[in-house]
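**Student:** Next comes data-v9.pdb, PDB, C-alpha atoms:
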```pdb
ATOM      1  CA  MET Z 208     115.614  69.282 114.157  1.00  0.00           C
ATOM      2  CA  ASP Z 209     115.679  69.234 110.358  1.00  0.00           C
ATOM      3  CA  ASP Z 210     114.600  72.365 108.524  1.00  0.00           C
ATOM      4  CA  PRO Z 211     111.193  71.527 106.987  1.00  0.00           C
ATOM      5  CA  THR Z 212     111.456  74.460 104.568  1.00  0.00           C
ATOM      6  CA  GLU Z 213     114.376  72.835 102.733  1.00  0.00           C
ATOM      7  CA  GLN Z 214     111.895  70.704 100.814  1.00  0.00           C
ATOM      8  CA  SER Z 215     108.878  72.294  99.230  1.00  0.00           C
ATOM      9  CA  GLN Z 216     106.460  71.315  96.519  1.00  0.00           C
ATOM     10  CA  TRP Z 217     105.025  74.821  96.769  1.00  0.00           C
ATOM     11  CA  ARG Z 218     108.241  76.837  96.326  1.00  0.00           C
ATOM     12  CA  PRO Z 219     108.895  75.997  92.646  1.00  0.00           C
ATOM     13  CA  LEU Z 220     105.490  77.394  91.685  1.00  0.00           C
ATOM     14  CA  HIS Z 221     106.071  80.595  93.666  1.00  0.00           C
ATOM     15  CA  GLU Z 222     109.546  80.945  92.184  1.00  0.00           C
ATOM     16  CA  LEU Z 223     108.274  80.367  88.641  1.00  0.00           C
ATOM     17  CA  LEU Z 224     105.560  82.998  89.030  1.00  0.00           C
ATOM     18  CA  ALA Z 225     108.071  85.421  90.569  1.00  0.00           C
ATOM     19  CA  ARG Z 226     110.455  84.904  87.618  1.00  0.00           C
ATOM     20  CA  MET Z 227     107.625  85.463  85.140  1.00  0.00           C
ATOM     21  CA  ASP Z 228     106.566  88.643  86.964  1.00  0.00           C
ATOM     22  CA  ALA Z 229     110.186  89.806  86.962  1.00  0.00           C
ATOM     23  CA  GLU Z 230     110.289  89.319  83.182  1.00  0.00           C
ATOM     24  CA  ILE Z 231     107.175  91.476  82.852  1.00  0.00           C
ATOM     25  CA  GLY Z 232     108.823  94.020  85.160  1.00  0.00           C
ATOM     26  CA  ARG Z 233     111.777  94.171  82.782  1.00  0.00           C
ATOM     27  CA  ILE Z 234     109.385  95.577  80.152  1.00  0.00           C
ATOM     28  CA  TYR Z 235     108.886  98.599  82.437  1.00  0.00           C
ATOM     29  CA  THR Z 236     112.581  98.836  83.292  1.00  0.00           C
ATOM     30  CA  ASP Z 237     113.456  98.758  79.582  1.00  0.00           C
ATOM     31  CA  ARG Z 238     111.156 101.769  79.161  1.00  0.00           C
ATOM     32  CA  GLU Z 239     112.566 103.496  82.267  1.00  0.00           C
ATOM     33  CA  ILE Z 240     109.209 103.490  84.063  1.00  0.00           C
ATOM     34  CA  LYS Z 241     109.832 103.954  87.765  1.00  0.00           C
ATOM     35  CA  GLY Z 242     107.624 102.481  90.476  1.00  0.00           C
ATOM     36  CA  LEU Z 243     105.453 100.315  88.236  1.00  0.00           C
ATOM     37  CA  ARG Z 244     105.023  96.670  89.210  1.00  0.00           C
ATOM     38  CA  PRO Z 245     103.240  93.943  87.263  1.00  0.00           C
ATOM     39  CA  SER Z 246     100.907  93.474  90.232  1.00  0.00           C
ATOM     40  CA  TYR Z 247      99.554  97.040  89.765  1.00  0.00           C
ATOM     41  CA  VAL Z 248      98.525  96.714  86.123  1.00  0.00           C
ATOM     42  CA  ARG Z 249      95.079  95.204  86.529  1.00  0.00           C
ATOM     43  CA  GLU Z 250      94.036  97.876  89.032  1.00  0.00           C
ATOM     44  CA  LEU Z 251      95.380 100.695  86.850  1.00  0.00           C
ATOM     45  CA  ILE Z 252      93.561  99.396  83.780  1.00  0.00           C
ATOM     46  CA  GLN Z 253      90.339  99.011  85.783  1.00  0.00           C
ATOM     47  CA  LEU Z 254      90.625 102.584  87.091  1.00  0.00           C
ATOM     48  CA  HIS Z 255      91.181 103.786  83.535  1.00  0.00           C
ATOM     49  CA  LEU Z 256      88.185 101.885  82.186  1.00  0.00           C
ATOM     50  CA  LYS Z 257      85.746 102.460  85.054  1.00  0.00           C
ATOM     51  CA  GLY Z 258      86.931 105.758  86.481  1.00  0.00           C
ATOM     52  CA  PRO Z 259      87.643 106.645  90.091  1.00  0.00           C
ATOM     53  CA  MET Z 260      86.547 104.048  92.637  1.00  0.00           C
ATOM     54  CA  THR Z 261      86.639 103.660  96.380  1.00  0.00           C
ATOM     55  CA  ILE Z 262      89.079 101.078  97.691  1.00  0.00           C
ATOM     56  CA  THR Z 263      86.094  98.835  98.449  1.00  0.00           C
ATOM     57  CA  GLU Z 264      84.790  99.152  94.884  1.00  0.00           C
ATOM     58  CA  LEU Z 265      88.239  98.478  93.449  1.00  0.00           C
ATOM     59  CA  ALA Z 266      88.708  95.483  95.779  1.00  0.00           C
ATOM     60  CA  ASP Z 267      85.345  94.082  94.666  1.00  0.00           C
ATOM     61  CA  THR Z 268      86.227  94.629  90.990  1.00  0.00           C
ATOM     62  CA  ILE Z 269      89.564  92.823  91.382  1.00  0.00           C
ATOM     63  CA  GLY Z 270      88.294  90.167  93.774  1.00  0.00           C
ATOM     64  CA  ARG Z 271      90.624  91.028  96.654  1.00  0.00           C
ATOM     65  CA  THR Z 272      90.105  92.074 100.245  1.00  0.00           C
ATOM     66  CA  HIS Z 273      89.757  95.705 101.249  1.00  0.00           C
ATOM     67  CA  SER Z 274      92.878  95.354 103.400  1.00  0.00           C
ATOM     68  CA  ALA Z 275      94.985  93.965 100.537  1.00  0.00           C
ATOM     69  CA  LEU Z 276      93.822  96.695  98.154  1.00  0.00           C
ATOM     70  CA  SER Z 277      94.349  99.404 100.745  1.00  0.00           C
ATOM     71  CA  GLN Z 278      97.995  98.356 101.065  1.00  0.00           C
ATOM     72  CA  LYS Z 279      98.393  98.170  97.287  1.00  0.00           C
ATOM     73  CA  VAL Z 280      96.797 101.585  96.764  1.00  0.00           C
ATOM     74  CA  SER Z 281      99.184 103.018  99.349  1.00  0.00           C
ATOM     75  CA  ALA Z 282     102.161 101.554  97.448  1.00  0.00           C
ATOM     76  CA  MET Z 283     100.792 102.780  94.104  1.00  0.00           C
ATOM     77  CA  ARG Z 284     100.268 106.236  95.618  1.00  0.00           C
ATOM     78  CA  THR Z 285     103.880 106.264  96.832  1.00  0.00           C
ATOM     79  CA  ALA Z 286     104.963 105.320  93.284  1.00  0.00           C
ATOM     80  CA  GLY Z 287     102.975 108.270  91.918  1.00  0.00           C
ATOM     81  CA  LEU Z 288     100.532 106.071  89.971  1.00  0.00           C
ATOM     82  CA  VAL Z 289      97.316 106.887  91.841  1.00  0.00           C
ATOM     83  CA  ARG Z 290      96.025 109.507  94.190  1.00  0.00           C
ATOM     84  CA  THR Z 291      93.090 109.550  96.546  1.00  0.00           C
ATOM     85  CA  VAL Z 292      90.472 112.275  96.469  1.00  0.00           C
ATOM     86  CA  PRO Z 293      87.502 112.891  98.753  1.00  0.00           C
ATOM     87  CA  GLY Z 294      84.529 110.653  98.040  1.00  0.00           C
ATOM     88  CA  ALA Z 295      80.807 111.259  98.291  1.00  0.00           C
ATOM     89  CA  ASP Z 296      81.010 111.587 102.074  1.00  0.00           C
ATOM     90  CA  ALA Z 297      83.743 112.491 104.541  1.00  0.00           C
ATOM     91  CA  ARG Z 298      84.489 108.849 105.335  1.00  0.00           C
ATOM     92  CA  SER Z 299      85.206 107.683 101.802  1.00  0.00           C
ATOM     93  CA  LYS Z 300      87.985 108.355  99.350  1.00  0.00           C
ATOM     94  CA  LYS Z 301      88.114 107.684  95.655  1.00  0.00           C
ATOM     95  CA  VAL Z 302      91.207 106.247  94.012  1.00  0.00           C
ATOM     96  CA  THR Z 303      92.051 107.940  90.743  1.00  0.00           C
ATOM     97  CA  LEU Z 304      94.843 107.749  88.190  1.00  0.00           C
ATOM     98  CA  THR Z 305      97.605 110.331  88.145  1.00  0.00           C
ATOM     99  CA  ALA Z 306      98.850 112.017  84.986  1.00  0.00           C
ATOM    100  CA  LYS Z 307     101.823 109.613  85.093  1.00  0.00           C
ATOM    101  CA  SER Z 308      99.664 106.493  85.018  1.00  0.00           C
ATOM    102  CA  LYS Z 309      97.250 107.961  82.453  1.00  0.00           C
ATOM    103  CA  LYS Z 310     100.215 108.194  80.083  1.00  0.00           C
ATOM    104  CA  LEU Z 311     101.002 104.516  80.740  1.00  0.00           C
ATOM    105  CA  VAL Z 312      97.560 102.982  80.193  1.00  0.00           C
ATOM    106  CA  GLU Z 313      98.068 102.347  76.477  1.00  0.00           C
ATOM    107  CA  LEU Z 314     101.343 100.524  77.189  1.00  0.00           C
ATOM    108  CA  LEU Z 315      99.790  98.608  80.094  1.00  0.00           C
ATOM    109  CA  THR Z 316      96.902  97.451  77.941  1.00  0.00           C
ATOM    110  CA  ALA Z 317      99.265  96.408  75.150  1.00  0.00           C
ATOM    111  CA  GLU Z 318     101.544  94.628  77.647  1.00  0.00           C
ATOM    112  CA  TRP Z 319      98.547  92.792  79.168  1.00  0.00           C
ATOM    113  CA  GLN Z 320      97.452  91.595  75.728  1.00  0.00           C
ATOM    114  CA  ALA Z 321     101.025  90.655  74.750  1.00  0.00           C
ATOM    115  CA  THR Z 322     101.429  88.733  78.024  1.00  0.00           C
ATOM    116  CA  GLU Z 323      98.225  86.801  77.373  1.00  0.00           C
ATOM    117  CA  ALA Z 324      99.418  86.003  73.830  1.00  0.00           C
ATOM    118  CA  ALA Z 325     102.808  84.878  75.187  1.00  0.00           C
ATOM    119  CA  ILE Z 326     101.071  82.611  77.701  1.00  0.00           C
ATOM    120  CA  ALA Z 327      98.973  81.109  74.894  1.00  0.00           C
ATOM    121  CA  ASP Z 328     102.182  80.461  72.912  1.00  0.00           C
ATOM    122  CA  LEU Z 329     103.815  78.912  75.965  1.00  0.00           C
ATOM    123  CA  GLU Z 330     100.798  76.695  76.586  1.00  0.00           C
ATOM    124  CA  ALA Z 331     100.967  75.488  72.988  1.00  0.00           C
ATOM    125  CA  GLU Z 332     104.447  74.120  73.772  1.00  0.00           C
ATOM    126  CA  LEU Z 333     103.311  72.264  76.882  1.00  0.00           C
ATOM    127  CA  PRO Z 334     101.785  68.800  76.992  1.00  0.00           C
ATOM    128  CA  TYR Z 335      99.363  69.984  79.681  1.00  0.00           C
ATOM    129  CA  PRO Z 336      98.345  73.682  79.668  1.00  0.00           C
ATOM    130  CA  MET Z 337      98.827  75.771  82.788  1.00  0.00           C
ATOM    131  CA  THR Z 338      95.255  77.014  82.581  1.00  0.00           C
ATOM    132  CA  GLN Z 339      94.019  73.416  82.647  1.00  0.00           C
ATOM    133  CA  VAL Z 340      96.157  72.740  85.720  1.00  0.00           C
ATOM    134  CA  VAL Z 341      94.506  75.706  87.438  1.00  0.00           C
ATOM    135  CA  ARG Z 342      91.007  74.490  86.516  1.00  0.00           C
ATOM    136  CA  ASP Z 343      91.846  70.988  87.738  1.00  0.00           C
ATOM    137  CA  ILE Z 344      93.184  72.314  91.051  1.00  0.00           C
ATOM    138  CA  GLU Z 345      90.098  74.505  91.489  1.00  0.00           C
ATOM    139  CA  GLN Z 346      87.847  71.466  90.935  1.00  0.00           C
ATOM    140  CA  ALA Z 347      89.826  69.410  93.450  1.00  0.00           C
ATOM    141  CA  LEU Z 348      89.655  72.253  95.988  1.00  0.00           C
ATOM    142  CA  ALA Z 349      85.905  72.555  95.422  1.00  0.00           C
ATOM    143  CA  ARG Z 350      85.657  68.925  96.548  1.00  0.00           C
ATOM    144  CA  LYS Z 351      87.848  69.566  99.607  1.00  0.00           C
ATOM    145  CA  SER Z 352      89.312  72.952 100.553  1.00  0.00           C
ATOM    146  CA  PHE Z 353      93.021  73.538 100.990  1.00  0.00           C
ATOM    147  CA  HIS Z 354      92.283  74.498 104.592  1.00  0.00           C
ATOM    148  CA  ASP Z 355      90.615  71.139 105.224  1.00  0.00           C
ATOM    149  CA  ARG Z 356      93.483  69.277 103.565  1.00  0.00           C
ATOM    150  CA  ILE Z 357      96.069  71.051 105.735  1.00  0.00           C
ATOM    151  CA  THR Z 358      93.957  70.574 108.879  1.00  0.00           C
ATOM    152  CA  GLU Z 359      93.738  66.835 108.202  1.00  0.00           C
ATOM    153  CA  LYS Z 360      97.536  66.636 107.880  1.00  0.00           C
ATOM    154  CA  LEU Z 361      97.980  68.616 111.104  1.00  0.00           C
ATOM    155  CA  GLN Z 362      95.603  66.300 112.947  1.00  0.00           C
ATOM    156  CA  GLY Z 363      97.570  63.321 111.639  1.00  0.00           C
ATOM    157  CA  SER Z 364     100.801  64.847 112.962  1.00  0.00           C
ATOM    158  CA  ASP Z 365      99.283  65.542 116.387  1.00  0.00           C
ATOM    159  CA  ARG Z 366      99.105  61.843 117.138  1.00  0.00           C
TER
END
```
When written as C-alpha coordinates, how does the structure in this file appear?
**Tutor:**
Amino acid sequence: MDDPTEQSQWRPLHELLARMDAEIGRIYTDREIKGLRPSYVRELIQLHLKGPMTITELADTIGRTHSALSQKVSAMRTAGLVRTVPGADARSKKVTLTAKSKKLVELLTAEWQATEAAIADLEAELPYPMTQVVRDIEQALARKSFHDRITEKLQGSDR
(Lines of atoms letter the chains of each structure in order from A and count residues from 1; the text may use other names and numbers.)
(Lines give C-alpha, C1' and ligand atoms only; values in the text may rest on other atoms or scores of the structure.)
Protein backbone atom coordinates (compact mmCIF):
# COMPACT_ATOMS: atom_id res chain seq x y z
CA MET A 1 0.00 0.00 0.00
CA ASP A 2 1.28 3.47 -0.87
CA ASP A 3 1.58 6.00 1.93
CA PRO A 4 -1.24 8.53 1.33
CA THR A 5 0.44 11.09 3.60
CA GLU A 6 3.36 11.49 1.17
CA GLN A 7 1.22 13.84 -0.90
CA SER A 8 -0.68 16.62 0.77
CA GLN A 9 -2.24 19.85 -0.37
CA TRP A 10 -2.86 20.64 3.29
CA ARG A 11 0.69 20.19 4.63
CA PRO A 12 2.29 23.22 2.93
CA LEU A 13 -0.21 25.53 4.61
CA HIS A 14 0.39 23.97 8.03
CA GLU A 15 4.15 24.13 7.50
CA LEU A 16 4.00 27.77 6.38
CA LEU A 17 1.96 28.77 9.43
CA ALA A 18 4.31 26.80 11.70
CA ARG A 19 7.35 28.59 10.19
CA MET A 20 5.67 31.97 10.65
CA ASP A 21 4.82 31.13 14.27
CA ALA A 22 8.41 30.00 14.82
CA GLU A 23 9.62 33.38 13.52
CA ILE A 24 7.34 35.12 16.02
CA GLY A 25 8.68 32.77 18.71
CA ARG A 26 12.20 33.91 17.88
CA ILE A 27 11.17 37.40 19.05
CA TYR A 28 10.64 35.92 22.53
CA THR A 29 13.81 33.83 22.36
CA ASP A 30 15.80 36.93 21.35
CA ARG A 31 14.50 38.58 24.52
CA GLU A 32 15.17 35.46 26.63
CA ILE A 33 11.50 35.02 27.54
CA LYS A 34 10.98 31.45 28.68
CA GLY A 35 7.74 29.53 28.19
CA LEU A 36 5.99 32.06 25.97
CA ARG A 37 4.46 30.79 22.73
CA PRO A 38 2.85 32.83 19.97
CA SER A 39 -0.37 30.86 20.52
CA TYR A 40 -0.66 32.30 24.07
CA VAL A 41 -0.50 35.98 23.14
CA ARG A 42 -4.14 36.63 22.32
CA GLU A 43 -5.31 35.09 25.60
CA LEU A 44 -2.74 37.02 27.64
CA ILE A 45 -3.71 40.32 26.01
CA GLN A 46 -7.40 39.58 26.58
CA LEU A 47 -6.77 38.79 30.26
CA HIS A 48 -4.83 42.04 30.57
CA LEU A 49 -7.57 44.09 28.92
CA LYS A 50 -10.62 42.40 30.48
CA GLY A 51 -9.26 41.14 33.78
CA PRO A 52 -9.57 37.69 35.29
CA MET A 53 -11.99 35.36 33.51
CA THR A 54 -13.20 31.82 33.92
CA ILE A 55 -11.96 29.36 31.32
CA THR A 56 -15.45 29.41 29.80
CA GLU A 57 -15.42 33.21 29.55
CA LEU A 58 -11.94 33.19 28.04
CA ALA A 59 -12.93 30.44 25.58
CA ASP A 60 -15.97 32.47 24.53
CA THR A 61 -13.85 35.62 24.12
CA ILE A 62 -11.31 33.80 21.94
CA GLY A 63 -13.85 31.66 20.09
CA ARG A 64 -12.45 28.30 21.17
CA THR A 65 -13.85 25.33 23.03
CA HIS A 66 -13.69 25.05 26.80
CA SER A 67 -11.60 21.90 26.43
CA ALA A 68 -9.04 23.57 24.14
CA LEU A 69 -8.73 26.59 26.45
CA SER A 70 -8.48 24.40 29.53
CA GLN A 71 -5.47 22.64 28.01
CA LYS A 72 -3.92 25.95 26.96
CA VAL A 73 -4.45 27.51 30.39
CA SER A 74 -2.78 24.47 31.95
CA ALA A 75 0.25 24.94 29.66
CA MET A 76 0.35 28.69 30.34
CA ARG A 77 0.15 27.99 34.08
CA THR A 78 3.08 25.57 33.79
CA ALA A 79 5.02 28.32 31.95
CA GLY A 80 4.29 30.72 34.82
CA LEU A 81 2.19 33.07 32.67
CA VAL A 82 -1.20 32.63 34.37
CA ARG A 83 -2.56 31.31 37.60
CA THR A 84 -6.01 30.20 38.61
CA VAL A 85 -7.79 31.61 41.63
CA PRO A 86 -11.12 30.67 43.19
CA GLY A 87 -14.12 32.07 41.35
CA ALA A 88 -17.49 33.27 42.58
CA ASP A 89 -18.45 29.76 43.67
CA ALA A 90 -16.54 26.63 44.64
CA ARG A 91 -16.92 25.10 41.18
CA SER A 92 -15.38 27.93 39.18
CA LYS A 93 -11.88 29.28 38.87
CA LYS A 94 -10.71 32.54 37.41
CA VAL A 95 -7.66 32.73 35.18
CA THR A 96 -5.44 35.69 35.98
CA LEU A 97 -2.09 37.01 34.81
CA THR A 98 1.04 36.43 36.85
CA ALA A 99 3.58 39.14 37.60
CA LYS A 100 5.74 37.62 34.83
CA SER A 101 3.09 38.01 32.15
CA LYS A 102 2.03 41.46 33.40
CA LYS A 103 5.57 42.61 32.65
CA LEU A 104 5.26 41.18 29.12
CA VAL A 105 1.93 42.70 28.07
CA GLU A 106 3.46 45.85 26.58
CA LEU A 107 5.84 43.75 24.46
CA LEU A 108 3.04 41.35 23.48
CA THR A 109 0.82 44.21 22.36
CA ALA A 110 3.67 45.78 20.38
CA GLU A 111 4.56 42.40 18.84
CA TRP A 112 0.90 41.81 17.87
CA GLN A 113 0.74 45.20 16.15
CA ALA A 114 4.13 44.68 14.47
CA THR A 115 3.01 41.23 13.26
CA GLU A 116 -0.15 42.71 11.76
CA ALA A 117 1.92 45.43 10.05
CA ALA A 118 4.34 42.79 8.71
CA ILE A 119 1.42 40.77 7.34
CA ALA A 120 0.07 43.89 5.63
CA ASP A 121 3.52 44.47 4.07
CA LEU A 122 3.68 40.84 2.97
CA GLU A 123 0.21 41.04 1.45
CA ALA A 124 1.27 44.11 -0.52
CA GLU A 125 3.91 41.94 -2.22
CA LEU A 126 1.44 39.21 -3.16
CA PRO A 127 -0.77 39.16 -6.23
CA TYR A 128 -3.61 37.72 -4.13
CA PRO A 129 -3.71 38.64 -0.41
CA MET A 130 -3.82 35.90 2.20
CA THR A 131 -6.75 37.56 3.92
CA GLN A 132 -8.71 37.42 0.66
CA VAL A 133 -7.90 33.72 0.33
CA VAL A 134 -9.31 33.16 3.81
CA ARG A 135 -12.50 35.09 3.00
CA ASP A 136 -12.90 33.15 -0.25
CA ILE A 137 -12.45 29.81 1.53
CA GLU A 138 -14.94 30.84 4.22
CA GLN A 139 -17.51 31.72 1.53
CA ALA A 140 -16.97 28.39 -0.23
CA LEU A 141 -17.31 26.53 3.09
CA ALA A 142 -20.51 28.44 3.85
CA ARG A 143 -21.91 26.97 0.63
CA LYS A 144 -20.75 23.45 1.56
CA SER A 145 -18.95 22.54 4.79
CA PHE A 146 -15.55 20.89 4.86
CA HIS A 147 -17.18 17.98 6.68
CA ASP A 148 -19.67 17.51 3.84
CA ARG A 149 -16.91 17.73 1.23
CA ILE A 150 -14.84 15.06 3.00
CA THR A 151 -17.91 12.85 3.55
CA GLU A 152 -18.73 13.01 -0.17
CA LYS A 153 -15.17 11.91 -1.03
CA LEU A 154 -15.37 9.07 1.50
CA GLN A 155 -18.67 7.89 0.04
CA GLY A 156 -17.10 7.95 -3.43
CA SER A 157 -14.22 5.79 -2.18
CA ASP A 158 -16.57 3.28 -0.54
CA ARG A 159 -17.80 2.12 -3.92
**Student:** Where does the PyMOL selection byres ((chain Z and resi 299-304) around 9) land in this file, that is, which residues does it pick, as a list in words?
**Tutor:**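 So the PyMOL selection byres ((chain Z and resi 299-304) around 9), applied here, picks out Leu251, Leu254, His255, Gly258, Pro259, Met260, Thr261, Ile262, Leu265, Val280, Gly287, Leu288, Val289, Arg290, Thr291, Val292, Pro293, Gly294, Ala295, Asp296, Ala297, Arg298, Thr305, Ala306, Lys307, Ser308 and Lys309 of chain Z.
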**Student:** I need the residue nearest Z:Val248 from this list: Z:Glu230, Z:Glu264, Z:Glu318, Z:Glu222. Use only C-alpha atoms for the distance.
**Tutor:** Z:Glu318
**Student:** For a test of reading the model, state the distance in Å between atom CA of Z:Leu276 and atom CA of Z:Arg244, rounded to one decimal.
**Tutor:**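 Distance between the two atoms: 14.3 Å.
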**Student:** Looking at Z:Arg233, Z:Lys279, Z:His273, Z:Arg218, which one is nearest to Z:Tyr247, with distances taken over only C-alpha atoms?
**Tutor:**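 Among the listed residues, Z:Lys279 lies closest to Z:Tyr247.
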**Student:** By how many Å are atom CA of Z:Gly363 and atom CA of Z:Glu345 apart?
**Tutor:**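 Taking atom CA of Z:Gly363 as the start and atom CA of Z:Glu345 as the end point, the length is 24.2 Å.
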**Student:** Just want the 9 Å neighbourhood of Z:Ile252, counted on all atoms listed in the file, with same-chain residues fewer than 5 positions away dropped. Output as number ranges by chain.
**Tutor:** Z: 247, 257, 312, 315-316
**Student:** One decimal, in Å: what's the spacing between atom CA of Z:Thr358 and atom CA of Z:Thr338?
**Tutor:**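 According to the coordinates, atom CA of Z:Thr358 and atom CA of Z:Thr338 are separated by 27.1 Å.
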**Student:** For Z:Leu220, which residue out of Z:Val341, Z:Leu348, Z:Arg238, Z:Ser274 is the nearest one, using all atoms listed in the file?
**Tutor:**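 Comparing Z:Val341, Z:Leu348, Z:Arg238, Z:Ser274 against Z:Leu220, the winner is Z:Val341.
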**Student:** Which residue out of Z:Ile269, Z:Leu243, Z:Leu314, Z:Ala325 has the minimum interatomic distance to Z:Arg284 when all atoms listed in the file are used?
**Tutor:** Z:Leu243
**Student:** Name all residues at most 10 Å from Z:Ala327 (count all atoms listed in the file; drop same-chain ones fewer than 4 positions away) and give them as an mmCIF file with C-alpha atoms, in the frame of the given file.
**Tutor:**
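Wrote out_21.cif, looks like this:
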```cif
data_model
loop_
_atom_site.group_PDB
_atom_site.id
_atom_site.type_symbol
_atom_site.label_atom_id
_atom_site.label_comp_id
_atom_site.auth_asym_id
_atom_site.auth_seq_id
_atom_site.Cartn_x
_atom_site.Cartn_y
_atom_site.Cartn_z
ATOM 1 C CA ALA Z 321 101.025 90.655 74.750
ATOM 2 C CA THR Z 322 101.429 88.733 78.024
ATOM 3 C CA GLU Z 323 98.225 86.801 77.373
ATOM 4 C CA ALA Z 331 100.967 75.488 72.988
ATOM 5 C CA GLU Z 332 104.447 74.120 73.772
ATOM 6 C CA PRO Z 336 98.345 73.682 79.668
ATOM 7 C CA MET Z 337 98.827 75.771 82.788
ATOM 8 C CA THR Z 338 95.255 77.014 82.581
#
```
**Student:** Pick the closest to Z:Gly242 from Z:Thr285, Z:Ser215, Z:Ser277, Z:Thr268: which is it, counting only C-alpha atoms?
**Tutor:** Z:Thr285
**Student:** Using all atoms listed in the file, find the one residue out of Z:Ala282, Z:Asp343, Z:Arg271, Z:Ile231 that sits nearest to Z:Ile326.
**Tutor:**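 When distances to Z:Ile326 are compared using all atoms listed in the file, the smallest one comes from Z:Ile231.
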